[in-house]
Amino acid sequence: MTQNILELKDVKKQFGKTEIIRGLNLEVRRGERLAVIGPNGAGKSTLFHLISGRLSVSSGEIWFDGDRIHHCTAQQIYQRGLSRSFQITNLFSRQTVYENILSAAMWAQGYRYTFWKRISQLKPLHDRAQEVLELIGLAARRNVSVNLLTYAEQRALEIGMAVAGGSHTILLDEPTAGMSRGESDAAIELIKTVSMGKTLMIVEHDMGVVFGLADRVAVVVYGQVIACDTPENIRANAKVQEAYLGVKKDQKKEVTDGIA
Amino acid sequence: MTTHSLIASRAGGLTNSRLTLMWLGFAAVLLFAPHVFTSSLAHSHLTQMGTGIVLALSYNILLGQSGMLSFGHAAFSGLGAFMSVHAMNLAGGGTFWLPLPLIPVVGALTGLAFAALIGYVITRISGVAFAMITLGIGQMTYASALMFPGFFGGEGGVSTNRVYGEPILGWTFGPQIQVYYLVAFWLFICVMATFYLTRTPFGRLLNGVRDNEERIPFIGFNPHKLRYMAIMTSGLFAGIGGSLMAINFEIATDEVLSLHESGAVLLFTFIGGTTSFFGPMLGAVIGVLLTKLLPDYTAGWQMYLGIVFILVVVYAPGGISSLLKPGMDMVRRTILHKRYALFFRLLLSVTALVVSAILLIELLYHRATGASDPLSLWGFSLDHQGFIAWVIAIALLLAGLLTIKASGRALVRQLAEDTAQLEGEAQ
């Protein structure tokens, strides 16, 4: 078993002539919590789309758990144990919270395209869905249509959908975006709980979340990883401060305080 | 409460015992309906309702459950009908042994096979593009009916005789009532099968494809495969529907493959309601009533059909079935709070609208036909060439249009107040 669960080697992604990811290299260690930060438009979400198979790479290689996955479809990558959440809430809109979780838990429970068994008879599936509901704190809202949930609840469900299948690697794309401080704190606790014993990659703008959660931080600027290190080292990294935050050396102290 | 009973109670209160009751009730309705409506014409209409329900349910696997709008559903049911007619002729001629009650299996396999053949390619896409392609498939199949007269029988179609072989338990399936029971038998099987399909993991995933196809790969499934399976399931049941149609009419013509036929399935499924399982069943029943019974009363039946469709699309996009529960609820609360005057006011507005609409349509049709004798309607003799009938109709229409909103709101508001007050007292 290799130490790295995920490796990106010289990955490039172009949309027409525009290069969004420009030779990106990144190694994610098994079981770590890695935060991906960077300015808007740096390519963080594109990076997640490439890893999760939503977009295909223009060139380069992505290795996951010892296999090359950059030619795999999104469902094949999911089936290998990598699941993700979305920056913009992406649920099954006309269904209840419980039905959303049921669908998300199905594959891992072995109920594939099953049309000869009734859901009501599948106890392990219900047990798993109930477990996830309790984990994300939505047990009381199980029969509510997801359209009627509050924003924070939808975000929690989004995380629940990503973990329901029991994947060992989880990608969360800005899970706390748009949340109040209180909601965001609750979300961090939730993320810590659900990612226990798993590998977690998280895109996040909120530095409080990043430094409270991550074992390592990768800084993406203009389609490349310019630094990947512990939060302390990243905070002290002059290159990061200049490139990512666009500040001159005389402003550095202010920024360092801001990050801290 | 365990997880299981929670699930059961959530699904609209449909626990297992309730479900059993529901199925028994449905079986009883199927069993006794021809004894309530006893004329042979009624039996023919009931039989057509049965086949219509099978077709509408098969269509709703695509539209309501998977969000796939198809304009070519007649391709599956029509091919099912043609293959069934040929199978009946061959079995009747002694080429192979296949009793009539099993002919729908031929239709099912035909629908399934055709869906399997064309479905793989066309389900790669979804949305408007899918709808356009189904239109093409429908037209192509229809065109082939005239291109290959050897199989499709040209303009005259292929006819058959459903009475062949040895009678089964004394049944020859010649009389309409015996055909009705054959259709009812298959209807029961199809309703049960499609109902339970909605409650399987596959059924849940089809809803996922409908609600957010983009997410499906990220919970491990292939949306293309799901859509492909959906169209094959739909094709299978549509084939059964086509087969039942062939058994009932003893003929299959190019008409069964036409765009008109595809449109009818779409129309009535939508009128009934695509959002509930039972909506399409209601739609099929309404469909037969509107297209088979209404023409006996008025030449303008298609006009009524169009108006009903437009009203449903605009005011009840969930179909007529979506109005049943709130409608019943309104009546229940009216009785509970004794708000009869307000209810009567609303009823009056609705009646004015319905009566005036019928009056106007009938007057217009009567005028268009160039008839000189007065229009006879509800026992009245109305002179369509004079002013009075038109003035009355337009005045009624205006009265209805001007009052319906206000009377509706007044009742709804009053009932809401009453309910709030009742809840306040309860606390």
# chains A, B, ... in the order shown; residues from 1 in each chain; ligands from 1
call {"tool": "residues_around", "arguments": {"residues": "Gly242 in chain B", "least_positions_apart": "3", "cutoff": "12 Å", "atoms": "only C-alpha atoms", "output": "PDB file with N, CA and C atoms, in the first residue's frame"}}
result
ATOM      1  N   GLN B  48     -61.251  -0.845 -23.325  1.00  0.00           N
ATOM      2  CA  GLN B  48     -60.321   0.176 -23.828  1.00  0.00           C
ATOM      3  C   GLN B  48     -59.677   0.966 -22.701  1.00  0.00           C
ATOM      4  N   GLY B  50     -58.932  -0.308 -19.872  1.00  0.00           N
ATOM      5  CA  GLY B  50     -57.894  -1.216 -19.375  1.00  0.00           C
ATOM      6  C   GLY B  50     -56.611  -1.103 -20.186  1.00  0.00           C
ATOM      7  N   THR B  51     -56.742  -1.175 -21.513  1.00  0.00           N
ATOM      8  CA  THR B  51     -55.533  -1.081 -22.342  1.00  0.00           C
ATOM      9  C   THR B  51     -54.924   0.315 -22.214  1.00  0.00           C
ATOM     10  N   GLY B  52     -55.810   1.329 -22.130  1.00  0.00           N
ATOM     11  CA  GLY B  52     -55.331   2.707 -21.982  1.00  0.00           C
ATOM     12  C   GLY B  52     -54.506   2.881 -20.714  1.00  0.00           C
ATOM     13  N   ILE B  53     -54.954   2.256 -19.635  1.00  0.00           N
ATOM     14  CA  ILE B  53     -54.226   2.377 -18.365  1.00  0.00           C
ATOM     15  C   ILE B  53     -52.845   1.737 -18.484  1.00  0.00           C
ATOM     16  N   VAL B  54     -52.798   0.561 -19.109  1.00  0.00           N
ATOM     17  CA  VAL B  54     -51.497  -0.103 -19.281  1.00  0.00           C
ATOM     18  C   VAL B  54     -50.558   0.813 -20.075  1.00  0.00           C
ATOM     19  N   LEU B  55     -51.078   1.396 -21.156  1.00  0.00           N
ATOM     20  CA  LEU B  55     -50.239   2.281 -21.980  1.00  0.00           C
ATOM     21  C   LEU B  55     -49.800   3.515 -21.202  1.00  0.00           C
ATOM     22  N   ALA B  56     -50.739   4.128 -20.473  1.00  0.00           N
ATOM     23  CA  ALA B  56     -50.402   5.349 -19.726  1.00  0.00           C
ATOM     24  C   ALA B  56     -49.377   5.056 -18.634  1.00  0.00           C
ATOM     25  N   SER B  58     -47.171   2.644 -18.665  1.00  0.00           N
ATOM     26  CA  SER B  58     -45.877   2.377 -19.309  1.00  0.00           C
ATOM     27  C   SER B  58     -45.235   3.691 -19.731  1.00  0.00           C
ATOM     28  N   HIS B  73     -44.064   7.037 -28.312  1.00  0.00           N
ATOM     29  CA  HIS B  73     -44.420   5.853 -27.533  1.00  0.00           C
ATOM     30  C   HIS B  73     -45.173   4.819 -28.361  1.00  0.00           C
ATOM     31  N   ALA B  74     -45.900   5.292 -29.392  1.00  0.00           N
ATOM     32  CA  ALA B  74     -46.691   4.368 -30.209  1.00  0.00           C
ATOM     33  C   ALA B  74     -45.795   3.368 -30.933  1.00  0.00           C
ATOM     34  N   ALA B  75     -44.528   3.679 -31.107  1.00  0.00           N
ATOM     35  CA  ALA B  75     -43.630   2.731 -31.770  1.00  0.00           C
ATOM     36  C   ALA B  75     -43.596   1.417 -30.992  1.00  0.00           C
ATOM     37  N   PHE B  76     -43.513   1.511 -29.656  1.00  0.00           N
ATOM     38  CA  PHE B  76     -43.452   0.287 -28.841  1.00  0.00           C
ATOM     39  C   PHE B  76     -44.794  -0.436 -28.815  1.00  0.00           C
ATOM     40  N   SER B  77     -45.851   0.328 -28.537  1.00  0.00           N
ATOM     41  CA  SER B  77     -47.163  -0.312 -28.422  1.00  0.00           C
ATOM     42  C   SER B  77     -47.625  -0.805 -29.797  1.00  0.00           C
ATOM     43  N   GLY B  78     -47.355  -0.018 -30.834  1.00  0.00           N
ATOM     44  CA  GLY B  78     -47.791  -0.388 -32.185  1.00  0.00           C
ATOM     45  C   GLY B  78     -47.092  -1.640 -32.679  1.00  0.00           C
ATOM     46  N   LEU B  79     -45.782  -1.709 -32.490  1.00  0.00           N
ATOM     47  CA  LEU B  79     -45.057  -2.916 -32.915  1.00  0.00           C
ATOM     48  C   LEU B  79     -45.531  -4.121 -32.111  1.00  0.00           C
ATOM     49  N   GLY B  80     -45.807  -3.885 -30.836  1.00  0.00           N
ATOM     50  CA  GLY B  80     -46.365  -4.953 -29.990  1.00  0.00           C
ATOM     51  C   GLY B  80     -47.678  -5.456 -30.576  1.00  0.00           C
ATOM     52  N   ALA B  81     -48.495  -4.505 -31.036  1.00  0.00           N
ATOM     53  CA  ALA B  81     -49.794  -4.877 -31.612  1.00  0.00           C
ATOM     54  C   ALA B  81     -49.608  -5.691 -32.888  1.00  0.00           C
ATOM     55  N   PHE B  82     -48.720  -5.238 -33.766  1.00  0.00           N
ATOM     56  CA  PHE B  82     -48.510  -5.961 -35.037  1.00  0.00           C
ATOM     57  C   PHE B  82     -47.976  -7.372 -34.792  1.00  0.00           C
ATOM     58  N   MET B  83     -46.987  -7.482 -33.913  1.00  0.00           N
ATOM     59  CA  MET B  83     -46.419  -8.807 -33.651  1.00  0.00           C
ATOM     60  C   MET B  83     -47.475  -9.723 -33.046  1.00  0.00           C
ATOM     61  N   SER B  84     -48.333  -9.149 -32.203  1.00  0.00           N
ATOM     62  CA  SER B  84     -49.376  -9.951 -31.570  1.00  0.00           C
ATOM     63  C   SER B  84     -50.365 -10.462 -32.601  1.00  0.00           C
ATOM     64  N   VAL B  85     -50.721  -9.567 -33.533  1.00  0.00           N
ATOM     65  CA  VAL B  85     -51.664  -9.979 -34.580  1.00  0.00           C
ATOM     66  C   VAL B  85     -51.068 -11.129 -35.400  1.00  0.00           C
ATOM     67  N   ILE B 103     -50.800 -14.209 -25.484  1.00  0.00           N
ATOM     68  CA  ILE B 103     -50.370 -13.345 -26.587  1.00  0.00           C
ATOM     69  C   ILE B 103     -49.675 -12.058 -26.079  1.00  0.00           C
ATOM     70  N   PRO B 104     -50.150 -11.460 -24.993  1.00  0.00           N
ATOM     71  CA  PRO B 104     -49.452 -10.251 -24.495  1.00  0.00           C
ATOM     72  C   PRO B 104     -47.965 -10.464 -24.199  1.00  0.00           C
ATOM     73  N   VAL B 105     -47.577 -11.712 -23.961  1.00  0.00           N
ATOM     74  CA  VAL B 105     -46.143 -11.984 -23.758  1.00  0.00           C
ATOM     75  C   VAL B 105     -45.382 -11.632 -25.045  1.00  0.00           C
ATOM     76  N   VAL B 106     -46.004 -11.936 -26.186  1.00  0.00           N
ATOM     77  CA  VAL B 106     -45.389 -11.593 -27.478  1.00  0.00           C
ATOM     78  C   VAL B 106     -45.226 -10.068 -27.573  1.00  0.00           C
ATOM     79  N   GLY B 107     -46.307  -9.347 -27.207  1.00  0.00           N
ATOM     80  CA  GLY B 107     -46.240  -7.883 -27.219  1.00  0.00           C
ATOM     81  C   GLY B 107     -45.146  -7.374 -26.302  1.00  0.00           C
ATOM     82  N   ALA B 108     -45.066  -7.954 -25.104  1.00  0.00           N
ATOM     83  CA  ALA B 108     -44.069  -7.521 -24.120  1.00  0.00           C
ATOM     84  C   ALA B 108     -42.662  -7.702 -24.680  1.00  0.00           C
ATOM     85  N   LEU B 109     -42.415  -8.895 -25.252  1.00  0.00           N
ATOM     86  CA  LEU B 109     -41.076  -9.173 -25.778  1.00  0.00           C
ATOM     87  C   LEU B 109     -40.752  -8.257 -26.954  1.00  0.00           C
ATOM     88  N   THR B 110     -41.777  -7.958 -27.784  1.00  0.00           N
ATOM     89  CA  THR B 110     -41.552  -7.075 -28.928  1.00  0.00           C
ATOM     90  C   THR B 110     -41.172  -5.673 -28.449  1.00  0.00           C
ATOM     91  N   GLY B 111     -41.977  -5.147 -27.512  1.00  0.00           N
ATOM     92  CA  GLY B 111     -41.696  -3.816 -26.981  1.00  0.00           C
ATOM     93  C   GLY B 111     -40.314  -3.749 -26.359  1.00  0.00           C
ATOM     94  N   VAL B 183     -58.207  -8.666 -20.501  1.00  0.00           N
ATOM     95  CA  VAL B 183     -57.510  -7.383 -20.356  1.00  0.00           C
ATOM     96  C   VAL B 183     -57.366  -7.028 -18.873  1.00  0.00           C
ATOM     97  N   TRP B 186     -54.477  -8.899 -17.259  1.00  0.00           N
ATOM     98  CA  TRP B 186     -53.158  -8.333 -17.594  1.00  0.00           C
ATOM     99  C   TRP B 186     -52.981  -6.944 -16.986  1.00  0.00           C
ATOM    100  N   GLY B 235     -40.957   0.078 -22.671  1.00  0.00           N
ATOM    101  CA  GLY B 235     -41.259  -0.619 -23.921  1.00  0.00           C
ATOM    102  C   GLY B 235     -41.953  -1.946 -23.664  1.00  0.00           C
ATOM    103  N   LEU B 236     -41.514  -2.646 -22.644  1.00  0.00           N
ATOM    104  CA  LEU B 236     -42.112  -3.934 -22.297  1.00  0.00           C
ATOM    105  C   LEU B 236     -43.597  -3.774 -21.974  1.00  0.00           C
ATOM    106  N   PHE B 237     -43.907  -2.819 -21.100  1.00  0.00           N
ATOM    107  CA  PHE B 237     -45.312  -2.650 -20.715  1.00  0.00           C
ATOM    108  C   PHE B 237     -46.135  -2.048 -21.858  1.00  0.00           C
ATOM    109  N   ALA B 238     -45.508  -1.174 -22.650  1.00  0.00           N
ATOM    110  CA  ALA B 238     -46.209  -0.606 -23.808  1.00  0.00           C
ATOM    111  C   ALA B 238     -46.556  -1.727 -24.787  1.00  0.00           C
ATOM    112  N   GLY B 239     -45.652  -2.685 -24.935  1.00  0.00           N
ATOM    113  CA  GLY B 239     -45.893  -3.824 -25.817  1.00  0.00           C
ATOM    114  C   GLY B 239     -47.099  -4.631 -25.358  1.00  0.00           C
ATOM    115  N   MET B 245     -54.613  -4.202 -27.110  1.00  0.00           N
ATOM    116  CA  MET B 245     -55.346  -3.431 -28.100  1.00  0.00           C
ATOM    117  C   MET B 245     -55.659  -4.325 -29.311  1.00  0.00           C
ATOM    118  N   ALA B 246     -54.643  -5.077 -29.750  1.00  0.00           N
ATOM    119  CA  ALA B 246     -54.801  -5.950 -30.919  1.00  0.00           C
ATOM    120  C   ALA B 246     -55.827  -7.042 -30.652  1.00  0.00           C
ATOM    121  N   ILE B 247     -55.785  -7.597 -29.444  1.00  0.00           N
ATOM    122  CA  ILE B 247     -56.746  -8.653 -29.091  1.00  0.00           C
ATOM    123  C   ILE B 247     -58.163  -8.086 -29.108  1.00  0.00           C
ATOM    124  N   ASN B 248     -58.294  -6.864 -28.588  1.00  0.00           N
ATOM    125  CA  ASN B 248     -59.613  -6.240 -28.493  1.00  0.00           C
ATOM    126  C   ASN B 248     -60.181  -5.915 -29.879  1.00  0.00           C
ATOM    127  N   PHE B 249     -59.359  -5.325 -30.740  1.00  0.00           N
ATOM    128  CA  PHE B 249     -59.872  -4.853 -32.045  1.00  0.00           C
ATOM    129  C   PHE B 249     -59.693  -5.883 -33.160  1.00  0.00           C
ATOM    130  N   GLU B 250     -58.898  -6.882 -32.914  1.00  0.00           N
ATOM    131  CA  GLU B 250     -58.614  -7.942 -33.902  1.00  0.00           C
ATOM    132  C   GLU B 250     -58.027  -7.385 -35.190  1.00  0.00           C
ATOM    133  N   ILE B 251     -57.346  -6.263 -35.069  1.00  0.00           N
ATOM    134  CA  ILE B 251     -56.691  -5.695 -36.251  1.00  0.00           C
ATOM    135  C   ILE B 251     -55.565  -4.766 -35.778  1.00  0.00           C
ATOM    136  N   ALA B 252     -54.532  -4.669 -36.600  1.00  0.00           N
ATOM    137  CA  ALA B 252     -53.501  -3.656 -36.353  1.00  0.00           C
ATOM    138  C   ALA B 252     -53.272  -2.924 -37.669  1.00  0.00           C
ATOM    139  N   THR B 253     -53.476  -1.609 -37.658  1.00  0.00           N
ATOM    140  CA  THR B 253     -53.224  -0.813 -38.867  1.00  0.00           C
ATOM    141  C   THR B 253     -52.098   0.170 -38.580  1.00  0.00           C
ATOM    142  N   GLU B 255     -52.312   3.066 -38.173  1.00  0.00           N
ATOM    143  CA  GLU B 255     -52.809   4.048 -37.201  1.00  0.00           C
ATOM    144  C   GLU B 255     -52.204   3.837 -35.802  1.00  0.00           C
ATOM    145  N   VAL B 256     -51.987   2.549 -35.418  1.00  0.00           N
ATOM    146  CA  VAL B 256     -51.479   2.277 -34.071  1.00  0.00           C
ATOM    147  C   VAL B 256     -50.028   2.743 -33.898  1.00  0.00           C
ATOM    148  N   LEU B 257     -49.360   3.038 -35.011  1.00  0.00           N
ATOM    149  CA  LEU B 257     -47.970   3.500 -34.929  1.00  0.00           C
ATOM    150  C   LEU B 257     -47.874   5.022 -35.093  1.00  0.00           C
ATOM    151  N   GLU B 261     -51.349   8.583 -32.114  1.00  0.00           N
ATOM    152  CA  GLU B 261     -51.419   7.616 -31.018  1.00  0.00           C
ATOM    153  C   GLU B 261     -50.414   7.991 -29.909  1.00  0.00           C
ATOM    154  N   SER B 262     -49.195   8.350 -30.325  1.00  0.00           N
ATOM    155  CA  SER B 262     -48.183   8.778 -29.342  1.00  0.00           C
ATOM    156  C   SER B 262     -48.668  10.007 -28.593  1.00  0.00           C
ATOM    157  N   VAL B 265     -51.324   9.219 -25.873  1.00  0.00           N
ATOM    158  CA  VAL B 265     -50.770   8.677 -24.627  1.00  0.00           C
ATOM    159  C   VAL B 265     -50.177   9.802 -23.780  1.00  0.00           C
TER     160      VAL B 265
END
call {"tool": "residues_around", "arguments": {"residues": "range 143-152 of chain B", "least_positions_apart": "2", "cutoff": "9 Å", "atoms": "only C-alpha atoms", "output": "PyMOL selection string"}}
result
chain B and resi 82+86+138-141+154-158+252-254+257-258
call {"tool": "closest_atom_pairs", "arguments": {"of": "chain A", "to": "chain B", "cutoff": "7 Å", "atoms": "only C-alpha atoms", "output": "JSON lines"}}
result
{"residue": "A:Ala74", "atom": "CA", "partner": "B:Pro217", "partner_atom": "CA", "distance": 5.5}
{"residue": "A:Gln75", "atom": "CA", "partner": "B:Pro217", "partner_atom": "CA", "distance": 4.4}
{"residue": "A:Tyr78", "atom": "CA", "partner": "B:Gly220", "partner_atom": "CA", "distance": 5.4}
{"residue": "A:Gln79", "atom": "CA", "partner": "B:Gly220", "partner_atom": "CA", "distance": 5.8}
{"residue": "A:Ser83", "atom": "CA", "partner": "B:Phe218", "partner_atom": "CA", "distance": 6.4}
{"residue": "A:Arg84", "atom": "CA", "partner": "B:Phe218", "partner_atom": "CA", "distance": 7.0}
{"residue": "A:Asn90", "atom": "CA", "partner": "B:Arg215", "partner_atom": "CA", "distance": 6.7}
{"residue": "A:Leu91", "atom": "CA", "partner": "B:Asn212", "partner_atom": "CA", "distance": 6.8}
{"residue": "A:Phe92", "atom": "CA", "partner": "B:Asp211", "partner_atom": "CA", "distance": 5.2}
{"residue": "A:Ser93", "atom": "CA", "partner": "B:Asp211", "partner_atom": "CA", "distance": 5.8}
{"residue": "A:Arg94", "atom": "CA", "partner": "B:Asp211", "partner_atom": "CA", "distance": 6.3}
{"residue": "A:Ser103", "atom": "CA", "partner": "B:Leu205", "partner_atom": "CA", "distance": 6.6}
{"residue": "A:Ala104", "atom": "CA", "partner": "B:Ile219", "partner_atom": "CA", "distance": 5.1}
{"residue": "A:Trp107", "atom": "CA", "partner": "B:Gly220", "partner_atom": "CA", "distance": 6.0}
{"residue": "A:Tyr111", "atom": "CA", "partner": "B:Pro201", "partner_atom": "CA", "distance": 6.8}
{"residue": "A:Tyr113", "atom": "CA", "partner": "B:Phe202", "partner_atom": "CA", "distance": 5.1}
{"residue": "A:Thr114", "atom": "CA", "partner": "B:Phe202", "partner_atom": "CA", "distance": 5.4}
{"residue": "A:Phe115", "atom": "CA", "partner": "B:Phe202", "partner_atom": "CA", "distance": 5.1}
{"residue": "A:Trp116", "atom": "CA", "partner": "B:Thr200", "partner_atom": "CA", "distance": 6.9}
{"residue": "A:Lys117", "atom": "CA", "partner": "B:Thr200", "partner_atom": "CA", "distance": 5.7}
{"residue": "A:Arg118", "atom": "CA", "partner": "B:Thr200", "partner_atom": "CA", "distance": 4.4}
{"residue": "A:Ile119", "atom": "CA", "partner": "B:Thr200", "partner_atom": "CA", "distance": 5.0}
{"residue": "A:Ser120", "atom": "CA", "partner": "B:His4", "partner_atom": "CA", "distance": 6.4}
{"residue": "A:His126", "atom": "CA", "partner": "B:Thr3", "partner_atom": "CA", "distance": 6.7}
call {"tool": "residues_around", "arguments": {"residues": "Ile202 in chain A", "least_positions_apart": "5", "cutoff": "8 Å", "atoms": "only C-alpha atoms", "output": "VMD selection string"}}
result
chain A and resid 33 to 36 171 to 175
call {"tool": "residues_around", "arguments": {"residues": "Met179 in chain A", "least_positions_apart": "3", "cutoff": "12 Å", "atoms": "only C-alpha atoms", "output": "NGL selection string"}}
result
:A and (150-156 or 174-176 or 182-188 or 205-206 or 209)
call {"tool": "write_last_selection", "arguments": {"atoms": "N, CA and C atoms", "output": "tab-separated table (two decimals), in the first residue's frame"}}
result
chain	number	residue	atom	x	y	z
A	150	THR	N	-33.39	24.56	5.23
A	150	THR	CA	-32.62	25.80	5.27
A	150	THR	C	-31.31	25.57	4.51
A	151	TYR	N	-30.63	26.66	4.20
A	151	TYR	CA	-29.39	26.53	3.44
A	151	TYR	C	-28.37	25.65	4.18
A	152	ALA	N	-28.24	25.91	5.49
A	152	ALA	CA	-27.26	25.15	6.27
A	152	ALA	C	-27.62	23.67	6.29
A	153	GLU	N	-28.91	23.38	6.36
A	153	GLU	CA	-29.35	21.98	6.35
A	153	GLU	C	-29.05	21.33	5.00
A	154	GLN	N	-29.25	22.09	3.93
A	154	GLN	CA	-28.94	21.56	2.60
A	154	GLN	C	-27.45	21.25	2.49
A	155	ARG	N	-26.63	22.14	3.06
A	155	ARG	CA	-25.18	21.91	3.00
A	155	ARG	C	-24.81	20.67	3.80
A	156	ALA	N	-25.48	20.49	4.96
A	156	ALA	CA	-25.21	19.30	5.78
A	156	ALA	C	-25.62	18.04	5.01
A	174	GLU	N	-16.05	23.64	-0.89
A	174	GLU	CA	-16.57	24.78	-0.13
A	174	GLU	C	-17.83	24.44	0.68
A	175	PRO	N	-17.67	23.52	1.62
A	175	PRO	CA	-18.85	23.09	2.37
A	175	PRO	C	-19.45	24.18	3.26
A	176	THR	N	-18.67	25.19	3.62
A	176	THR	CA	-19.21	26.20	4.54
A	176	THR	C	-19.52	27.52	3.85
A	182	GLY	N	-21.76	30.68	13.27
A	182	GLY	CA	-22.26	29.56	14.09
A	182	GLY	C	-22.47	28.31	13.25
A	183	GLU	N	-23.10	28.50	12.10
A	183	GLU	CA	-23.36	27.37	11.21
A	183	GLU	C	-22.06	26.76	10.73
A	184	SER	N	-21.11	27.64	10.44
A	184	SER	CA	-19.83	27.21	9.94
A	184	SER	C	-19.08	26.37	10.99
A	185	ASP	N	-19.15	26.81	12.26
A	185	ASP	CA	-18.51	26.05	13.34
A	185	ASP	C	-19.11	24.65	13.44
A	186	ALA	N	-20.44	24.61	13.34
A	186	ALA	CA	-21.13	23.31	13.41
A	186	ALA	C	-20.70	22.44	12.24
A	187	ALA	N	-20.55	23.09	11.06
A	187	ALA	CA	-20.14	22.33	9.87
A	187	ALA	C	-18.74	21.76	10.05
A	188	ILE	N	-17.83	22.53	10.67
A	188	ILE	CA	-16.46	22.03	10.88
A	188	ILE	C	-16.49	20.78	11.76
A	205	HIS	N	-12.58	28.69	1.54
A	205	HIS	CA	-12.12	30.08	1.54
A	205	HIS	C	-11.90	30.59	2.94
A	206	ASP	N	-12.66	30.02	3.87
A	206	ASP	CA	-12.62	30.52	5.24
A	206	ASP	C	-11.34	30.00	5.92
A	209	VAL	N	-11.65	27.89	9.04
A	209	VAL	CA	-11.98	26.49	8.78
A	209	VAL	C	-10.72	25.74	8.36
call {"tool": "select_by_dssp", "arguments": {"residues": "range 25-231 of chain A", "states": "alpha helix (DSSP H)", "output": "PyMOL selection string"}}
result
chain A and resi 44-52+74-79+97-106+123-135+151-163+181-194+207-213+231
call {"tool": "write_last_selection", "arguments": {"atoms": "C-alpha atoms", "output": "compact mmCIF listing (two decimals), in the first residue's frame"}}
result
# COMPACT_ATOMS: atom_id res chain seq x y z
CA LYS A 44 -9.76 24.71 -7.32
CA SER A 45 -13.20 23.51 -8.35
CA THR A 46 -11.84 22.45 -11.75
CA LEU A 47 -9.23 20.43 -9.89
CA PHE A 48 -12.01 18.64 -7.97
CA HIS A 49 -13.93 18.08 -11.19
CA LEU A 50 -10.85 16.47 -12.74
CA ILE A 51 -10.18 14.20 -9.77
CA SER A 52 -13.82 13.13 -9.46
CA ALA A 74 -17.30 9.64 -12.55
CA GLN A 75 -19.22 6.56 -11.42
CA GLN A 76 -16.16 4.34 -11.83
CA ILE A 77 -14.15 6.69 -9.65
CA TYR A 78 -16.92 6.72 -7.07
CA GLN A 79 -16.98 2.94 -7.14
CA VAL A 97 -34.02 14.14 2.92
CA TYR A 98 -34.33 10.43 3.60
CA GLU A 99 -34.83 9.51 -0.05
CA ASN A 100 -31.72 11.50 -0.96
CA ILE A 101 -29.64 9.64 1.59
CA LEU A 102 -31.13 6.28 0.57
CA SER A 103 -30.08 6.85 -3.03
CA ALA A 104 -26.60 7.89 -1.97
CA ALA A 105 -26.16 4.82 0.23
CA MET A 106 -27.40 2.31 -2.34
CA LYS A 123 -33.05 -3.28 6.28
CA PRO A 124 -29.28 -2.73 5.99
CA LEU A 125 -29.93 0.13 3.57
CA HIS A 126 -32.38 1.79 5.95
CA ASP A 127 -30.06 1.29 8.89
CA ARG A 128 -27.23 2.93 7.01
CA ALA A 129 -29.42 5.83 5.86
CA GLN A 130 -30.69 6.38 9.39
CA GLU A 131 -27.13 6.30 10.72
CA VAL A 132 -26.09 8.99 8.22
CA LEU A 133 -29.14 11.10 9.06
CA GLU A 134 -28.23 11.05 12.72
CA LEU A 135 -24.62 11.78 11.92
CA TYR A 151 -29.39 26.53 3.44
CA ALA A 152 -27.26 25.15 6.27
CA GLU A 153 -29.35 21.98 6.35
CA GLN A 154 -28.94 21.56 2.60
CA ARG A 155 -25.18 21.91 3.00
CA ALA A 156 -25.21 19.30 5.78
CA LEU A 157 -27.21 16.97 3.53
CA GLU A 158 -24.72 17.61 0.75
CA ILE A 159 -21.99 16.33 3.09
CA GLY A 160 -24.24 13.43 4.13
CA MET A 161 -24.69 12.43 0.47
CA ALA A 162 -20.92 12.40 0.03
CA VAL A 163 -20.28 10.14 3.03
CA ARG A 181 -20.16 31.82 11.87
CA GLY A 182 -22.26 29.56 14.09
CA GLU A 183 -23.36 27.37 11.21
CA SER A 184 -19.83 27.21 9.94
CA ASP A 185 -18.51 26.05 13.34
CA ALA A 186 -21.13 23.31 13.41
CA ALA A 187 -20.14 22.33 9.87
CA ILE A 188 -16.46 22.03 10.88
CA GLU A 189 -17.40 19.69 13.71
CA LEU A 190 -19.52 17.67 11.30
CA ILE A 191 -16.70 17.46 8.78
CA LYS A 192 -14.28 16.34 11.51
CA THR A 193 -16.69 13.60 12.54
CA VAL A 194 -17.52 12.29 9.09
CA MET A 207 -9.13 30.51 6.76
CA GLY A 208 -10.58 29.71 10.17
CA VAL A 209 -11.98 26.49 8.78
CA VAL A 210 -8.77 25.68 6.90
CA PHE A 211 -6.44 26.11 9.83
CA GLY A 212 -8.84 24.48 12.28
CA LEU A 213 -9.25 21.41 10.18
CA PRO A 231 -0.74 25.16 8.06
call {"tool": "atom_distance", "arguments": {"atom1": "CA of Leu24 in chain A", "atom2": "CA of Glu7 in chain A"}}
result
10.2 Å
call {"tool": "residues_around", "arguments": {"residues": "Thr230 in chain A", "least_positions_apart": "3", "cutoff": "7 Å", "atoms": "only C-alpha atoms", "output": "NGL selection string"}}
result
:A and (215-217 or 233-234)
call {"tool": "residues_around", "arguments": {"residues": "range 283-289 of chain B", "least_positions_apart": "5", "cutoff": "10 Å", "atoms": "only C-alpha atoms", "output": "NGL selection string"}}
result
:B and (45-57 or 264-274 or 278 or 294-295 or 305 or 319-321)
